[in-house]
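What follows is the content of run-v6.cif (mmCIF, N, CA, C and O atoms).
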data_model
loop_
_atom_site.group_PDB
_atom_site.id
_atom_site.type_symbol
_atom_site.label_atom_id
_atom_site.label_comp_id
_atom_site.auth_asym_id
_atom_site.auth_seq_id
_atom_site.Cartn_x
_atom_site.Cartn_y
_atom_site.Cartn_z
ATOM 1 N N MET A 1 3.907 -10.636 0.225
ATOM 2 C CA MET A 1 4.717 -9.486 0.595
ATOM 3 C C MET A 1 6.067 -9.569 -0.111
ATOM 4 O O MET A 1 6.552 -10.651 -0.376
ATOM 5 N N PRO A 2 6.692 -8.416 -0.345
ATOM 6 C CA PRO A 2 8.003 -8.435 -0.968
ATOM 7 C C PRO A 2 9.024 -9.108 -0.076
ATOM 8 O O PRO A 2 8.809 -9.285 1.116
ATOM 9 N N ARG A 3 10.147 -9.470 -0.668
ATOM 10 C CA ARG A 3 11.216 -10.118 0.080
ATOM 11 C C ARG A 3 11.602 -9.296 1.306
ATOM 12 O O ARG A 3 11.857 -9.828 2.371
ATOM 13 N N HIS A 4 11.663 -7.986 1.150
ATOM 14 C CA HIS A 4 11.966 -7.070 2.261
ATOM 15 C C HIS A 4 10.782 -6.133 2.411
ATOM 16 O O HIS A 4 10.758 -5.071 1.803
ATOM 17 N N PRO A 5 9.768 -6.536 3.197
ATOM 18 C CA PRO A 5 8.559 -5.719 3.302
ATOM 19 C C PRO A 5 8.861 -4.312 3.798
ATOM 20 O O PRO A 5 9.777 -4.104 4.596
ATOM 21 N N LEU A 6 8.107 -3.390 3.314
ATOM 22 C CA LEU A 6 8.256 -2.014 3.768
ATOM 23 C C LEU A 6 7.753 -1.902 5.200
ATOM 24 O O LEU A 6 6.752 -2.528 5.561
ATOM 25 N N PRO A 7 8.415 -1.083 6.006
ATOM 26 C CA PRO A 7 8.027 -0.951 7.417
ATOM 27 C C PRO A 7 6.566 -0.532 7.583
ATOM 28 O O PRO A 7 6.132 0.467 7.023
ATOM 29 N N GLY A 8 5.830 -1.331 8.317
ATOM 30 C CA GLY A 8 4.453 -1.013 8.663
ATOM 31 C C GLY A 8 3.423 -1.301 7.594
ATOM 32 O O GLY A 8 2.227 -1.174 7.847
ATOM 33 N N LEU A 9 3.845 -1.703 6.384
ATOM 34 C CA LEU A 9 2.895 -1.861 5.289
ATOM 35 C C LEU A 9 1.886 -2.977 5.550
ATOM 36 O O LEU A 9 0.676 -2.774 5.403
ATOM 37 N N GLU A 10 2.351 -4.141 5.923
ATOM 38 C CA GLU A 10 1.438 -5.281 6.112
ATOM 39 C C GLU A 10 0.394 -4.983 7.192
ATOM 40 O O GLU A 10 -0.795 -5.212 6.988
ATOM 41 N N GLN A 11 0.817 -4.450 8.312
ATOM 42 C CA GLN A 11 -0.107 -4.141 9.403
ATOM 43 C C GLN A 11 -1.100 -3.057 8.974
ATOM 44 O O GLN A 11 -2.287 -3.121 9.294
ATOM 45 N N PHE A 12 -0.602 -2.060 8.245
ATOM 46 C CA PHE A 12 -1.459 -0.985 7.759
ATOM 47 C C PHE A 12 -2.544 -1.535 6.830
ATOM 48 O O PHE A 12 -3.721 -1.229 6.990
ATOM 49 N N LEU A 13 -2.142 -2.349 5.871
ATOM 50 C CA LEU A 13 -3.112 -2.908 4.925
ATOM 51 C C LEU A 13 -4.107 -3.828 5.614
ATOM 52 O O LEU A 13 -5.288 -3.841 5.260
ATOM 53 N N ASP A 14 -3.657 -4.585 6.609
ATOM 54 C CA ASP A 14 -4.568 -5.451 7.373
ATOM 55 C C ASP A 14 -5.659 -4.633 8.062
ATOM 56 O O ASP A 14 -6.811 -5.060 8.138
ATOM 57 N N ARG A 15 -5.323 -3.463 8.563
ATOM 58 C CA ARG A 15 -6.306 -2.587 9.222
ATOM 59 C C ARG A 15 -7.178 -1.870 8.201
ATOM 60 O O ARG A 15 -8.358 -1.649 8.444
ATOM 61 N N LEU A 16 -6.584 -1.485 7.083
ATOM 62 C CA LEU A 16 -7.302 -0.700 6.081
ATOM 63 C C LEU A 16 -8.329 -1.533 5.318
ATOM 64 O O LEU A 16 -9.443 -1.094 5.068
ATOM 65 N N TYR A 17 -7.957 -2.740 4.969
ATOM 66 C CA TYR A 17 -8.834 -3.608 4.189
ATOM 67 C C TYR A 17 -9.521 -4.606 5.111
ATOM 68 O O TYR A 17 -9.062 -5.726 5.291
ATOM 69 N N LEU A 18 -10.649 -4.200 5.664
ATOM 70 C CA LEU A 18 -11.391 -5.066 6.576
ATOM 71 C C LEU A 18 -12.329 -6.004 5.819
ATOM 72 O O LEU A 18 -12.835 -6.965 6.375
ATOM 73 N N SER A 19 -12.554 -5.721 4.549
ATOM 74 C CA SER A 19 -13.375 -6.594 3.701
ATOM 75 C C SER A 19 -12.730 -6.638 2.322
ATOM 76 O O SER A 19 -11.640 -6.134 2.124
ATOM 77 N N ASP A 20 -13.395 -7.215 1.369
ATOM 78 C CA ASP A 20 -12.845 -7.347 0.021
ATOM 79 C C ASP A 20 -13.099 -6.109 -0.831
ATOM 80 O O ASP A 20 -13.296 -6.192 -2.030
ATOM 81 N N GLU A 21 -13.082 -4.977 -0.221
ATOM 82 C CA GLU A 21 -13.358 -3.744 -0.945
ATOM 83 C C GLU A 21 -12.155 -3.279 -1.768
ATOM 84 O O GLU A 21 -11.057 -3.798 -1.641
ATOM 85 N N ARG A 22 -12.404 -2.297 -2.595
ATOM 86 C CA ARG A 22 -11.349 -1.662 -3.385
ATOM 87 C C ARG A 22 -11.261 -0.213 -2.904
ATOM 88 O O ARG A 22 -12.287 0.407 -2.624
ATOM 89 N N LEU A 23 -10.065 0.288 -2.822
ATOM 90 C CA LEU A 23 -9.847 1.665 -2.396
ATOM 91 C C LEU A 23 -9.035 2.397 -3.453
ATOM 92 O O LEU A 23 -8.177 1.808 -4.102
ATOM 93 N N SER A 24 -9.307 3.693 -3.582
ATOM 94 C CA SER A 24 -8.547 4.482 -4.546
ATOM 95 C C SER A 24 -7.140 4.738 -4.011
ATOM 96 O O SER A 24 -6.892 4.675 -2.801
ATOM 97 N N ARG A 25 -6.239 5.022 -4.928
ATOM 98 C CA ARG A 25 -4.863 5.362 -4.553
ATOM 99 C C ARG A 25 -4.870 6.521 -3.561
ATOM 100 O O ARG A 25 -4.151 6.491 -2.565
ATOM 101 N N ASP A 26 -5.693 7.534 -3.817
ATOM 102 C CA ASP A 26 -5.741 8.695 -2.923
ATOM 103 C C ASP A 26 -6.218 8.318 -1.523
ATOM 104 O O ASP A 26 -5.689 8.820 -0.532
ATOM 105 N N GLU A 27 -7.216 7.426 -1.430
ATOM 106 C CA GLU A 27 -7.694 6.973 -0.114
ATOM 107 C C GLU A 27 -6.587 6.227 0.631
ATOM 108 O O GLU A 27 -6.412 6.408 1.845
ATOM 109 N N ILE A 28 -5.849 5.400 -0.081
ATOM 110 C CA ILE A 28 -4.758 4.637 0.529
ATOM 111 C C ILE A 28 -3.678 5.581 1.038
ATOM 112 O O ILE A 28 -3.215 5.453 2.181
ATOM 113 N N VAL A 29 -3.287 6.547 0.219
ATOM 114 C CA VAL A 29 -2.228 7.486 0.607
ATOM 115 C C VAL A 29 -2.678 8.350 1.783
ATOM 116 O O VAL A 29 -1.905 8.578 2.723
ATOM 117 N N ARG A 30 -3.930 8.817 1.754
ATOM 118 C CA ARG A 30 -4.430 9.633 2.881
ATOM 119 C C ARG A 30 -4.414 8.830 4.178
ATOM 120 O O ARG A 30 -3.982 9.319 5.228
ATOM 121 N N ALA A 31 -4.876 7.586 4.119
ATOM 122 C CA ALA A 31 -4.894 6.739 5.314
ATOM 123 C C ALA A 31 -3.477 6.423 5.785
ATOM 124 O O ALA A 31 -3.205 6.411 6.994
ATOM 125 N N ALA A 32 -2.556 6.206 4.860
ATOM 126 C CA ALA A 32 -1.165 5.924 5.227
ATOM 127 C C ALA A 32 -0.516 7.133 5.881
ATOM 128 O O ALA A 32 0.237 6.999 6.853
ATOM 129 N N THR A 33 -0.823 8.311 5.376
ATOM 130 C CA THR A 33 -0.289 9.544 5.962
ATOM 131 C C THR A 33 -0.842 9.733 7.371
ATOM 132 O O THR A 33 -0.095 10.043 8.304
ATOM 133 N N ALA A 34 -2.135 9.512 7.533
ATOM 134 C CA ALA A 34 -2.769 9.646 8.853
ATOM 135 C C ALA A 34 -2.230 8.609 9.831
ATOM 136 O O ALA A 34 -2.137 8.881 11.034
ATOM 137 N N ALA A 35 -1.833 7.439 9.320
ATOM 138 C CA ALA A 35 -1.287 6.377 10.176
ATOM 139 C C ALA A 35 0.174 6.631 10.522
ATOM 140 O O ALA A 35 0.765 5.878 11.293
ATOM 141 N N ASP A 36 0.740 7.682 9.946
ATOM 142 C CA ASP A 36 2.128 8.076 10.224
ATOM 143 C C ASP A 36 3.119 6.947 9.910
ATOM 144 O O ASP A 36 4.007 6.641 10.703
ATOM 145 N N LEU A 37 2.932 6.337 8.729
ATOM 146 C CA LEU A 37 3.847 5.281 8.297
ATOM 147 C C LEU A 37 5.220 5.876 7.990
ATOM 148 O O LEU A 37 5.338 7.066 7.697
ATOM 149 N N PRO A 38 6.268 5.065 8.043
ATOM 150 C CA PRO A 38 7.612 5.546 7.729
ATOM 151 C C PRO A 38 7.674 6.154 6.317
ATOM 152 O O PRO A 38 6.931 5.736 5.408
ATOM 153 N N ALA A 39 8.566 7.094 6.120
ATOM 154 C CA ALA A 39 8.674 7.820 4.858
ATOM 155 C C ALA A 39 8.885 6.902 3.666
ATOM 156 O O ALA A 39 8.296 7.116 2.603
ATOM 157 N N VAL A 40 9.696 5.869 3.814
ATOM 158 C CA VAL A 40 9.954 4.961 2.699
ATOM 159 C C VAL A 40 8.672 4.258 2.259
ATOM 160 O O VAL A 40 8.430 4.062 1.058
ATOM 161 N N THR A 41 7.826 3.908 3.191
ATOM 162 C CA THR A 41 6.566 3.245 2.875
ATOM 163 C C THR A 41 5.597 4.230 2.225
ATOM 164 O O THR A 41 4.950 3.913 1.221
ATOM 165 N N LEU A 42 5.513 5.434 2.766
ATOM 166 C CA LEU A 42 4.655 6.460 2.177
ATOM 167 C C LEU A 42 5.077 6.781 0.746
ATOM 168 O O LEU A 42 4.235 6.955 -0.133
ATOM 169 N N THR A 43 6.370 6.827 0.511
ATOM 170 C CA THR A 43 6.883 7.131 -0.826
ATOM 171 C C THR A 43 6.435 6.082 -1.826
ATOM 172 O O THR A 43 6.022 6.402 -2.944
ATOM 173 N N ARG A 44 6.511 4.811 -1.456
ATOM 174 C CA ARG A 44 6.085 3.726 -2.346
ATOM 175 C C ARG A 44 4.581 3.803 -2.624
ATOM 176 O O ARG A 44 4.132 3.650 -3.754
ATOM 177 N N LEU A 45 3.799 4.031 -1.582
ATOM 178 C CA LEU A 45 2.359 4.119 -1.764
ATOM 179 C C LEU A 45 1.990 5.339 -2.605
ATOM 180 O O LEU A 45 1.085 5.278 -3.443
ATOM 181 N N ASP A 46 2.694 6.432 -2.419
ATOM 182 C CA ASP A 46 2.435 7.644 -3.188
ATOM 183 C C ASP A 46 2.791 7.452 -4.663
ATOM 184 O O ASP A 46 2.252 8.142 -5.533
ATOM 185 N N ALA A 47 3.657 6.514 -4.963
ATOM 186 C CA ALA A 47 4.070 6.248 -6.337
ATOM 187 C C ALA A 47 3.095 5.329 -7.080
ATOM 188 O O ALA A 47 3.264 5.098 -8.281
ATOM 189 N N LEU A 48 2.086 4.817 -6.393
ATOM 190 C CA LEU A 48 1.099 3.972 -7.060
ATOM 191 C C LEU A 48 0.397 4.768 -8.155
ATOM 192 O O LEU A 48 0.047 5.927 -7.955
ATOM 193 N N PRO A 49 0.171 4.150 -9.305
ATOM 194 C CA PRO A 49 -0.607 4.817 -10.348
ATOM 195 C C PRO A 49 -2.043 5.065 -9.868
ATOM 196 O O PRO A 49 -2.556 4.323 -9.022
ATOM 197 N N ASP A 50 -2.685 6.088 -10.420
ATOM 198 C CA ASP A 50 -4.087 6.346 -10.088
ATOM 199 C C ASP A 50 -4.928 5.123 -10.396
ATOM 200 O O ASP A 50 -4.633 4.378 -11.329
ATOM 201 N N GLY A 51 -5.938 4.930 -9.598
ATOM 202 C CA GLY A 51 -6.838 3.809 -9.808
ATOM 203 C C GLY A 51 -7.338 3.272 -8.486
ATOM 204 O O GLY A 51 -7.059 3.843 -7.427
ATOM 205 N N GLU A 52 -8.089 2.199 -8.563
ATOM 206 C CA GLU A 52 -8.593 1.533 -7.364
ATOM 207 C C GLU A 52 -7.863 0.219 -7.190
ATOM 208 O O GLU A 52 -7.536 -0.457 -8.169
ATOM 209 N N TYR A 53 -7.639 -0.142 -5.929
ATOM 210 C CA TYR A 53 -6.833 -1.311 -5.612
ATOM 211 C C TYR A 53 -7.509 -2.180 -4.564
ATOM 212 O O TYR A 53 -8.037 -1.674 -3.575
ATOM 213 N N ALA A 54 -7.443 -3.484 -4.768
ATOM 214 C CA ALA A 54 -7.750 -4.452 -3.728
ATOM 215 C C ALA A 54 -6.451 -4.679 -2.950
ATOM 216 O O ALA A 54 -5.365 -4.280 -3.400
ATOM 217 N N TYR A 55 -6.546 -5.293 -1.800
ATOM 218 C CA TYR A 55 -5.375 -5.533 -0.937
ATOM 219 C C TYR A 55 -4.221 -6.140 -1.731
ATOM 220 O O TYR A 55 -3.101 -5.624 -1.708
ATOM 221 N N ASP A 56 -4.487 -7.249 -2.414
ATOM 222 C CA ASP A 56 -3.411 -7.952 -3.114
ATOM 223 C C ASP A 56 -2.821 -7.129 -4.259
ATOM 224 O O ASP A 56 -1.648 -7.266 -4.595
ATOM 225 N N GLU A 57 -3.618 -6.257 -4.842
ATOM 226 C CA GLU A 57 -3.113 -5.394 -5.909
ATOM 227 C C GLU A 57 -2.153 -4.338 -5.374
ATOM 228 O O GLU A 57 -1.186 -3.979 -6.046
ATOM 229 N N VAL A 58 -2.407 -3.845 -4.163
ATOM 230 C CA VAL A 58 -1.473 -2.899 -3.542
ATOM 231 C C VAL A 58 -0.137 -3.592 -3.311
ATOM 232 O O VAL A 58 0.926 -3.065 -3.647
ATOM 233 N N VAL A 59 -0.189 -4.796 -2.767
ATOM 234 C CA VAL A 59 1.035 -5.551 -2.483
ATOM 235 C C VAL A 59 1.814 -5.790 -3.777
ATOM 236 O O VAL A 59 3.027 -5.562 -3.831
ATOM 237 N N GLU A 60 1.111 -6.215 -4.821
ATOM 238 C CA GLU A 60 1.768 -6.485 -6.099
ATOM 239 C C GLU A 60 2.388 -5.220 -6.692
ATOM 240 O O GLU A 60 3.526 -5.230 -7.164
ATOM 241 N N ALA A 61 1.652 -4.118 -6.648
ATOM 242 C CA ALA A 61 2.164 -2.858 -7.198
ATOM 243 C C ALA A 61 3.387 -2.378 -6.427
ATOM 244 O O ALA A 61 4.363 -1.896 -7.015
ATOM 245 N N VAL A 62 3.367 -2.525 -5.112
ATOM 246 C CA VAL A 62 4.523 -2.115 -4.295
ATOM 247 C C VAL A 62 5.720 -3.002 -4.614
ATOM 248 O O VAL A 62 6.856 -2.523 -4.683
ATOM 249 N N GLN A 63 5.490 -4.281 -4.844
ATOM 250 C CA GLN A 63 6.580 -5.185 -5.216
ATOM 251 C C GLN A 63 7.212 -4.732 -6.526
ATOM 252 O O GLN A 63 8.436 -4.719 -6.659
ATOM 253 N N VAL A 64 6.400 -4.386 -7.503
ATOM 254 C CA VAL A 64 6.899 -3.927 -8.794
ATOM 255 C C VAL A 64 7.693 -2.640 -8.617
ATOM 256 O O VAL A 64 8.794 -2.491 -9.173
ATOM 257 N N LEU A 65 7.178 -1.712 -7.833
ATOM 258 C CA LEU A 65 7.864 -0.440 -7.597
ATOM 259 C C LEU A 65 9.194 -0.655 -6.855
ATOM 260 O O LEU A 65 10.140 0.085 -7.070
ATOM 261 N N SER A 66 9.234 -1.661 -5.992
ATOM 262 C CA SER A 66 10.436 -1.927 -5.205
ATOM 263 C C SER A 66 11.472 -2.749 -5.972
ATOM 264 O O SER A 66 12.614 -2.835 -5.549
ATOM 265 N N ALA A 67 11.060 -3.345 -7.080
ATOM 266 C CA ALA A 67 11.972 -4.220 -7.844
ATOM 267 C C ALA A 67 13.186 -3.464 -8.373
ATOM 268 O O ALA A 67 14.248 -4.050 -8.556
ATOM 269 N N GLY A 68 13.047 -2.186 -8.582
ATOM 270 C CA GLY A 68 14.151 -1.387 -9.097
ATOM 271 C C GLY A 68 15.198 -1.008 -8.065
ATOM 272 O O GLY A 68 16.232 -0.443 -8.396
ATOM 273 N N ASP A 69 14.951 -1.338 -6.818
ATOM 274 C CA ASP A 69 15.896 -0.974 -5.730
ATOM 275 C C ASP A 69 17.107 -1.872 -5.722
ATOM 276 O O ASP A 69 17.124 -2.995 -6.003
#
Turn this file's structure into structure tokens for me.
Amino acid sequence: MPRHPLPGLEQFLDRLYLSDERLSRDEIVRAATAADLPAVTLTRLDALPDGEYAYDEVVEAVQVLSAGD
């Protein structure tokens, strides 16, 4: 997780990734919106490039996106 984890991200990903599956960016964003995550977290997830992600890849991509803060 990033040094300052985004609110609700870790718990959300723990629920979303119940196995070693990969999910598309759109599936992740739809699930995050339905989970009513805080706006800052939704914004980061919405900024993910198109593609499919495993749990650890989402975390890494969010860290990269947050590095500019």
Answer key for the PyMOL selection byres (((chain A and resi 23 and name CA) around 8) and name CA), residues as number ranges by chain | A: 21-22, 24-25, 27-28, 52-54
Just the strand (DSSP E or B) stuff from chain A, please, per backbone DSSP, written as a CSV table (one decimal) with N, CA, C and O atoms, in the frame of the given file.
chain,number,residue,atom,x,y,z
A,23,LEU,N,-10.1,0.3,-2.8
A,23,LEU,CA,-9.8,1.7,-2.4
A,23,LEU,C,-9.0,2.4,-3.5
A,23,LEU,O,-8.2,1.8,-4.1
A,24,SER,N,-9.3,3.7,-3.6
A,24,SER,CA,-8.5,4.5,-4.5
A,24,SER,C,-7.1,4.7,-4.0
A,24,SER,O,-6.9,4.7,-2.8
A,52,GLU,N,-8.1,2.2,-8.6
A,52,GLU,CA,-8.6,1.5,-7.4
A,52,GLU,C,-7.9,0.2,-7.2
A,52,GLU,O,-7.5,-0.5,-8.2
A,53,TYR,N,-7.6,-0.1,-5.9
A,53,TYR,CA,-6.8,-1.3,-5.6
A,53,TYR,C,-7.5,-2.2,-4.6
A,53,TYR,O,-8.0,-1.7,-3.6
Applied to the shown file, which residues does the PyMOL selection byres (((chain A and resi 32 and name CA) around 10) and name CA) return, written as a PyMOL selection string?
-> chain A and resi 8-9+12-13+16+26-31+33-38+41-42+45-46
Could you jot down the CA of Gln63 (chain A) to CA of Leu6 (chain A) separation for me, Å, one decimal place?
->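 We find that CA of Gln63 (chain A) and CA of Leu6 (chain A) lie 9.7 Å from each other.
When atom C of Leu48 (chain A) is paired with atom O of Ala61 (chain A), their separation reads 7.8 Å.
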Give me, please, the distance in Å between CA of Asp20 (chain A) and atom C of Arg44 (chain A), quoted to one decimal.
-> 20.9 Å
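Take the candidates A:Thr43, A:Val62, A:Tyr55, A:Ala67 and check each one against Tyr17 (chain A) using all atoms listed in the file; the shortest distance goes to A:Tyr55.
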Residues flagged helix (DSSP H, G or I) by DSSP in chain A, as a ChimeraX atom specification = /A:9-16,25-34,39-46,55-66
